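Colleague: Pasting a structure below so you can have a look.
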There are 2 protein chains.
Amino acid sequence: MSGRGGRARLAGYPLAMAARELQERIKKLIVDGRLPSGAPLPTEPALMAHLGASRNSVREALKALQAMGIVEIRHGFGTYVGAMSLAPMVEGLAFRTVAGHHRGEDSLLQLLELREALETGLISRLAGKLPDRDLDELDALVARMERQAAHGGDGLAETDRAFHAALYRGLDNALLGEVLEAFWEAFHTVRTDLGGAPQDPETTCGQHRDILDAVRSGDSLQAEAAIREHFGNIRSRLSAPRPRSSQERHREQEDPRTPRRHGEPGPQGRHHERV
Amino acid sequence: MSGRGGRARLAGYPLAMAARELQERIKKLIVDGRLPSGAPLPTEPALMAHLGASRNSVREALKALQAMGIVEIRHGFGTYVGAMSLAPMVEGLAFRTVAGHHRGEDSLLQLLELREALETGLISRLAGKLPDRDLDELDALVARMERQAAHGGDGLAETDRAFHAALYRGLDNALLGEVLEAFWEAFHTVRTDLGGAPQDPETTCGQHRDILDAVRSGDSLQAEAAIREHFGNIRSRLSAPRPRSSQERHREQEDPRTPRRHGEPGPQGRHHERV
DNA sequence: CTAGCTCAGTTGGTTAGAGCAGCTGACTCT
DNA sequence: AGAGTCAGCTGCTCTAACCAACTGAGCTAG
């Protein structure tokens with residue numbers, strides 16, 4: 001008589017306490033309490049009592065919230081309000097892009113175009129409006145980049161990211177900066193995972209300097225052109241080493257929106273199950 | 001002697017089988033199998049056998065993947081590769097914005113600025129390049145919008161969203177379209193949740209028509225101006241009913257990165273726990 | 001013979017209790 | 001006083017049962 005699965009509850013709650021609802025209630029806890037990032041959440045037993053759900057359900061809800069970055073869990077320490085960074089978005093985007101790429105889509109190129117659209121749209125409103133302090137920082141970053149390029153290219157990617165991050169800091173919009181960095185990171189992650197050809201360090205350095213010069217001079221058209229040139233460079237290196245022809249996409253479809261049930265494997269069905 | 005917690009495993013696997021690793025392995029299953037959206041995944045028992053983990057752990061991993069949109073779970077039916085839509089991003093972004101707003105940040109305004117930056121950056125490359133078919137569709141949408149505005153405004157938001165979606169369809173980049181829609185939805189969700197003043201239907205319709213006219217005429221500068229005007233309108237309605245001054249942000253910090261442990265409540269600690 | 005219903009069997013959802021593992025702070029021994 | 005130990009929190013994993021949603025085969029009524 002161990003796990004009997006009965007429902008001794010506080011009465012008054014619907015018995016079908018969907019997991020979805022648990023998530024919402026925990027989120028409500030955070031919003032209503034105006035809890036800032038890092039604030040402690042109730043322990044699992046406390047949440048069980050408060051939400052009237054079992055340990056397992058509470059944990060599944062927390063796991064989902066953790067995956068969304070809303071909650072942070074530390075083993076042996078406690079549960080806390082998450083940093084709400086866009087890291088989960090990066091992960092989701094990266095996976096989506098990798099999966100799409102492996103299925104023959106040009107998902108990585110689309111991601112690059114997304115970045116290009118955003119940055120070209122933003123650079124014009126920066127031209128000539130950056131304080132000297134930021135310009136000096138960008139100068140230093142380009143210098144470091146050139147130094148790293150000469151010495152084998154170690155840490156070049158990190159400097160590249162720092163450059164783009166510093167560039168758009170002047171917009172005074174934290175969300176904007178985070179989204180840009182998220183897209184950068186997703187792109188970078190996927191490209192390295194896929195073993196794509198890295199950029200030519202020298203060319204890249206030059207383009208970064210061009211961007212900086214244009215922004216400093218205040219010529220917004222030239223700045224936009226410089227950004228576009230930079231992305232064009234990356235794009236060319238991206239589309240070059242692609243073996244599969246672009247016509248061979250969209251295979252293995254077979255009415256994907258009405259999937260068959262388990263136990264009735266389709267053409268490609270359940271061939272993992274046993275492995 | 002019911003739950004003994006022993007570890008009868010296939011031997012060869014590390015015993016510390018972190019939940020994180022389970023997620024990675026399931027993701028690998030999808031990528032390596034080149035499974036398209038909607039393809040069936042192994043059942044929970046099958047995953048238990050394949051991954052050598054308990055039902056509970058498998059389910060927690062699946063829950064996390066579900067939260068990221070990588071996996072779709074249907075009660076009584078099976079588990080499938082998710083649509084990889086950006087819906088989870090919408091949810092995360094919306095929550096982040098709501099939470100920020102309740103803490104006194106201008107997060108909603110930042111979200112609006114993000115949309116504005118993206119759309120202004122994109123509209124110029126659309127001007128004069130949309131096929132007649134798309135222009136006709138946009139015409140129809142504006143007409144419907146005007147009709148809805150006259151009849152109380154039911155369904156106006158949906159038409160608004162359709163307009164923006166149709167506008168950027170010509171870019172031939174599915175990701176871009178989805179991101180734009182995701183931002184639109186996050187913004188709309190938060191604004192309605194927060195009970196912000198809705199826009200004036202008449203003005204909004206006029207602005208949409210201005211945008212369409214500018215795009216049709218091919219005048220990219222005018223198109224950009226029209227978009228900016230549109231967002232300016234929304235922005236003004238947003239910042240109007242805000243009681244708190246913008247200087248009073250960044251309170252209640254108190255070193256949020258080294259949170260105290262449970263049982264030692266800080267200034268605002270664990271006041272949910274008992275409720 | 002067909003339309004509809006019922007029921008067995010599949011799938012995921014939830015609960016329960018026990019033991020495992022990481023971390024901290026107080027207590028104890030040197 | 002300093003260092004090691006241990007009790008006690010915390011979250012993590014496992015097992016085992018039952019609950020609920022859904023499908024499809026088979027039966028029944030028309």
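Residues are named by chain letter and number: chains run A, B, ... in the order of the structure tokens, numbers start at 1 in each chain, and ligands are numbered from 1 in the order shown.
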Starting from chain D, keep only residues with some atom at most 8 Å from an atom of chain A, counting only C-alpha atoms (C1' of nucleotides), and report them as JSON, numbers by chain.
Modeller: {"D": [10, 11, 12, 16, 17, 18, 19]}
Colleague: In range 35-234 of chain B, what's strand (DSSP E or B) per DSSP? Answer as JSON, numbers by chain?
Modeller: {"B": [40, 71, 72, 73, 74, 78, 79, 80, 81]}
Colleague: Limited to N, CA and C atoms, could you put the picked residues into a file as an mmCIF file, in the first residue's frame?
Modeller:
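Below you can see selection.cif, which holds the result:
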data_model
loop_
_atom_site.group_PDB
_atom_site.id
_atom_site.type_symbol
_atom_site.label_atom_id
_atom_site.label_comp_id
_atom_site.auth_asym_id
_atom_site.auth_seq_id
_atom_site.Cartn_x
_atom_site.Cartn_y
_atom_site.Cartn_z
ATOM 1 N N PRO B 40 6.782 11.650 -34.814
ATOM 2 C CA PRO B 40 6.560 11.064 -33.498
ATOM 3 C C PRO B 40 7.868 10.747 -32.789
ATOM 4 N N VAL B 71 9.450 20.262 -28.302
ATOM 5 C CA VAL B 71 8.671 19.030 -28.250
ATOM 6 C C VAL B 71 7.211 19.374 -27.990
ATOM 7 N N GLU B 72 6.341 18.556 -28.540
ATOM 8 C CA GLU B 72 4.909 18.782 -28.318
ATOM 9 C C GLU B 72 4.323 17.523 -27.699
ATOM 10 N N ILE B 73 3.606 17.671 -26.606
ATOM 11 C CA ILE B 73 3.069 16.532 -25.891
ATOM 12 C C ILE B 73 1.544 16.540 -25.970
ATOM 13 N N ARG B 74 0.982 15.398 -26.356
ATOM 14 C CA ARG B 74 -0.482 15.321 -26.412
ATOM 15 C C ARG B 74 -0.968 14.185 -25.527
ATOM 16 N N GLY B 78 0.572 10.907 -27.639
ATOM 17 C CA GLY B 78 1.999 10.672 -27.843
ATOM 18 C C GLY B 78 2.804 11.954 -27.757
ATOM 19 N N THR B 79 4.091 11.822 -27.966
ATOM 20 C CA THR B 79 4.994 12.965 -27.946
ATOM 21 C C THR B 79 5.550 13.182 -29.345
ATOM 22 N N TYR B 80 5.659 14.417 -29.770
ATOM 23 C CA TYR B 80 6.053 14.713 -31.137
ATOM 24 C C TYR B 80 7.068 15.842 -31.178
ATOM 25 N N VAL B 81 7.776 15.909 -32.276
ATOM 26 C CA VAL B 81 8.680 17.033 -32.472
ATOM 27 C C VAL B 81 7.833 18.288 -32.595
#
Colleague: Tell me which of C:DC7, C:DG19, C:DT24, C:DT14 sits closest to DA25 in chain D, counting only C-alpha atoms (C1' of nucleotides).
Modeller: C:DC7
Colleague: Need to verify the contact set: Ile26 in chain A, 9 Å, only C-alpha atoms (C1' of nucleotides), exclusion of same-chain residues closer than 5 positions in sequence. Can you return it as a VMD selection string?
Modeller: chain A and resid 21 31 47 51 61 to 62 65
Colleague: If you measure from CA of Arg228 in chain B to CA of Glu116 in chain B, what distance in Å do you get, rounded to one decimal?
Modeller: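 So the answer is 7.1 Å.
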Colleague: List the spatial neighbours of DA3 in chain D as a list of chain:residue names - criterion: any atom at most 12 Å away, only C-alpha atoms (C1' of nucleotides), same-chain residues fewer than 6 positions off excluded.
Modeller: C:DT28, C:DC29, C:DT30
Colleague: If the cut-off is 9 Å, can you tell me the residues of chain C near chain B, counting only C-alpha atoms (C1' of nucleotides)? I'd like them as a PDB file with N, CA, C and O atoms (P, O5', C5', C4', C3', O3' and C1' of nucleotides), in the first residue's frame.
Modeller:
ATOM      1  P    DT C  10      -1.445  -2.607 -25.045  1.00  0.00           P
ATOM      2  O5'  DT C  10      -0.982  -1.116 -25.270  1.00  0.00           O
ATOM      3  C5'  DT C  10      -0.852  -0.624 -26.621  1.00  0.00           C
ATOM      4  C4'  DT C  10      -1.137   0.867 -26.656  1.00  0.00           C
ATOM      5  C3'  DT C  10      -0.146   1.736 -25.890  1.00  0.00           C
ATOM      6  O3'  DT C  10       0.918   2.119 -26.723  1.00  0.00           O
ATOM      7  C1'  DT C  10      -2.418   2.496 -25.668  1.00  0.00           C
ATOM      8  P    DT C  11       2.196   2.841 -26.033  1.00  0.00           P
ATOM      9  O5'  DT C  11       1.708   4.306 -25.662  1.00  0.00           O
ATOM     10  C5'  DT C  11       1.423   5.243 -26.705  1.00  0.00           C
ATOM     11  C4'  DT C  11       0.892   6.537 -26.109  1.00  0.00           C
ATOM     12  C3'  DT C  11       1.763   7.094 -24.994  1.00  0.00           C
ATOM     13  O3'  DT C  11       2.559   8.159 -25.451  1.00  0.00           O
ATOM     14  C1'  DT C  11      -0.531   7.117 -24.374  1.00  0.00           C
ATOM     15  P    DG C  12       3.704   8.662 -24.313  1.00  0.00           P
ATOM     16  O5'  DG C  12       2.916   9.754 -23.480  1.00  0.00           O
ATOM     17  C5'  DG C  12       2.487  10.951 -24.101  1.00  0.00           C
ATOM     18  C4'  DG C  12       1.448  11.638 -23.215  1.00  0.00           C
ATOM     19  C3'  DG C  12       2.026  12.432 -22.032  1.00  0.00           C
ATOM     20  O3'  DG C  12       1.183  13.547 -21.761  1.00  0.00           O
ATOM     21  C1'  DG C  12       0.594  10.779 -21.224  1.00  0.00           C
ATOM     22  P    DG C  13       1.510  14.581 -20.586  1.00  0.00           P
ATOM     23  O5'  DG C  13       0.583  14.086 -19.383  1.00  0.00           O
ATOM     24  C5'  DG C  13      -0.776  14.534 -19.336  1.00  0.00           C
ATOM     25  C4'  DG C  13      -1.328  14.481 -17.917  1.00  0.00           C
ATOM     26  C3'  DG C  13      -0.500  15.239 -16.878  1.00  0.00           C
ATOM     27  O3'  DG C  13      -1.389  15.952 -16.021  1.00  0.00           O
ATOM     28  C1'  DG C  13      -0.743  12.985 -16.222  1.00  0.00           C
ATOM     29  P    DG C  17       2.558   9.526   1.414  1.00  0.00           P
ATOM     30  O5'  DG C  17       3.925   8.698   1.304  1.00  0.00           O
ATOM     31  C5'  DG C  17       3.870   7.293   1.033  1.00  0.00           C
ATOM     32  C4'  DG C  17       5.274   6.772   0.783  1.00  0.00           C
ATOM     33  C3'  DG C  17       6.329   7.264   1.789  1.00  0.00           C
ATOM     34  O3'  DG C  17       7.150   6.173   2.144  1.00  0.00           O
ATOM     35  C1'  DG C  17       7.046   7.727  -0.382  1.00  0.00           C
ATOM     36  P    DA C  18       8.031   6.268   3.503  1.00  0.00           P
ATOM     37  O5'  DA C  18       9.494   5.929   2.966  1.00  0.00           O
ATOM     38  C5'  DA C  18       9.693   4.724   2.198  1.00  0.00           C
ATOM     39  C4'  DA C  18      10.879   4.932   1.284  1.00  0.00           C
ATOM     40  C3'  DA C  18      12.156   5.354   2.003  1.00  0.00           C
ATOM     41  O3'  DA C  18      13.109   4.303   1.967  1.00  0.00           O
ATOM     42  C1'  DA C  18      11.783   6.572  -0.020  1.00  0.00           C
ATOM     43  P    DG C  19      14.395   4.414   2.948  1.00  0.00           P
ATOM     44  O5'  DG C  19      15.549   4.879   1.945  1.00  0.00           O
ATOM     45  C5'  DG C  19      15.813   4.104   0.777  1.00  0.00           C
ATOM     46  C4'  DG C  19      16.531   4.981  -0.246  1.00  0.00           C
ATOM     47  C3'  DG C  19      17.881   5.535   0.238  1.00  0.00           C
ATOM     48  O3'  DG C  19      18.852   5.297  -0.762  1.00  0.00           O
ATOM     49  C1'  DG C  19      16.563   7.249  -0.653  1.00  0.00           C
ATOM     50  P    DC C  20      20.358   5.668  -0.481  1.00  0.00           P
ATOM     51  O5'  DC C  20      20.638   6.896  -1.459  1.00  0.00           O
ATOM     52  C5'  DC C  20      20.376   6.734  -2.855  1.00  0.00           C
ATOM     53  C4'  DC C  20      20.743   8.007  -3.604  1.00  0.00           C
ATOM     54  C3'  DC C  20      22.133   8.571  -3.264  1.00  0.00           C
ATOM     55  O3'  DC C  20      22.762   8.958  -4.472  1.00  0.00           O
ATOM     56  C1'  DC C  20      20.479  10.237  -2.955  1.00  0.00           C
ATOM     57  P    DT C  24      27.273  26.915   0.351  1.00  0.00           P
ATOM     58  O5'  DT C  24      26.712  26.857   1.836  1.00  0.00           O
ATOM     59  C5'  DT C  24      25.335  27.158   2.063  1.00  0.00           C
ATOM     60  C4'  DT C  24      24.999  26.989   3.540  1.00  0.00           C
ATOM     61  C3'  DT C  24      25.957  27.709   4.486  1.00  0.00           C
ATOM     62  O3'  DT C  24      25.187  28.577   5.281  1.00  0.00           O
ATOM     63  C1'  DT C  24      25.611  25.454   5.178  1.00  0.00           C
TER      64       DT C  24
END
Colleague: As a compact mmCIF listing (two decimals) with N, CA, C and O atoms, in the first residue's frame, please: the residues near range 143-159 of chain A (cut-off 7 Å, only C-alpha atoms (C1' of nucleotides), same-chain neighbours under 6 positions excluded).
Modeller:
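Result went into part_5.txt, see below:
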# COMPACT_ATOMS: atom_id res chain seq x y z
N PRO A 201 40.33 36.75 -40.50
CA PRO A 201 40.49 37.73 -39.41
C PRO A 201 40.82 39.13 -39.93
O PRO A 201 40.26 40.12 -39.44
N GLU A 202 41.69 39.20 -40.91
CA GLU A 202 42.14 40.51 -41.36
C GLU A 202 41.00 41.32 -41.96
O GLU A 202 40.80 42.49 -41.63
N CYS A 205 38.57 42.54 -39.30
CA CYS A 205 39.08 43.68 -38.55
C CYS A 205 38.88 44.97 -39.32
O CYS A 205 38.42 45.98 -38.79
Colleague: Write out as a count of residues only each polymer residue whose atoms come within 9 Å of range 182-190 of chain B, counting only C-alpha atoms (C1' of nucleotides); drop sequence neighbours fewer than 3 positions from it.
Modeller: 26
Colleague: To one decimal place, how far is CA of Arg191 in chain A from CA of Leu238 in chain A in Å?
Modeller: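 Here the two named atoms are 8.7 Å from each other.
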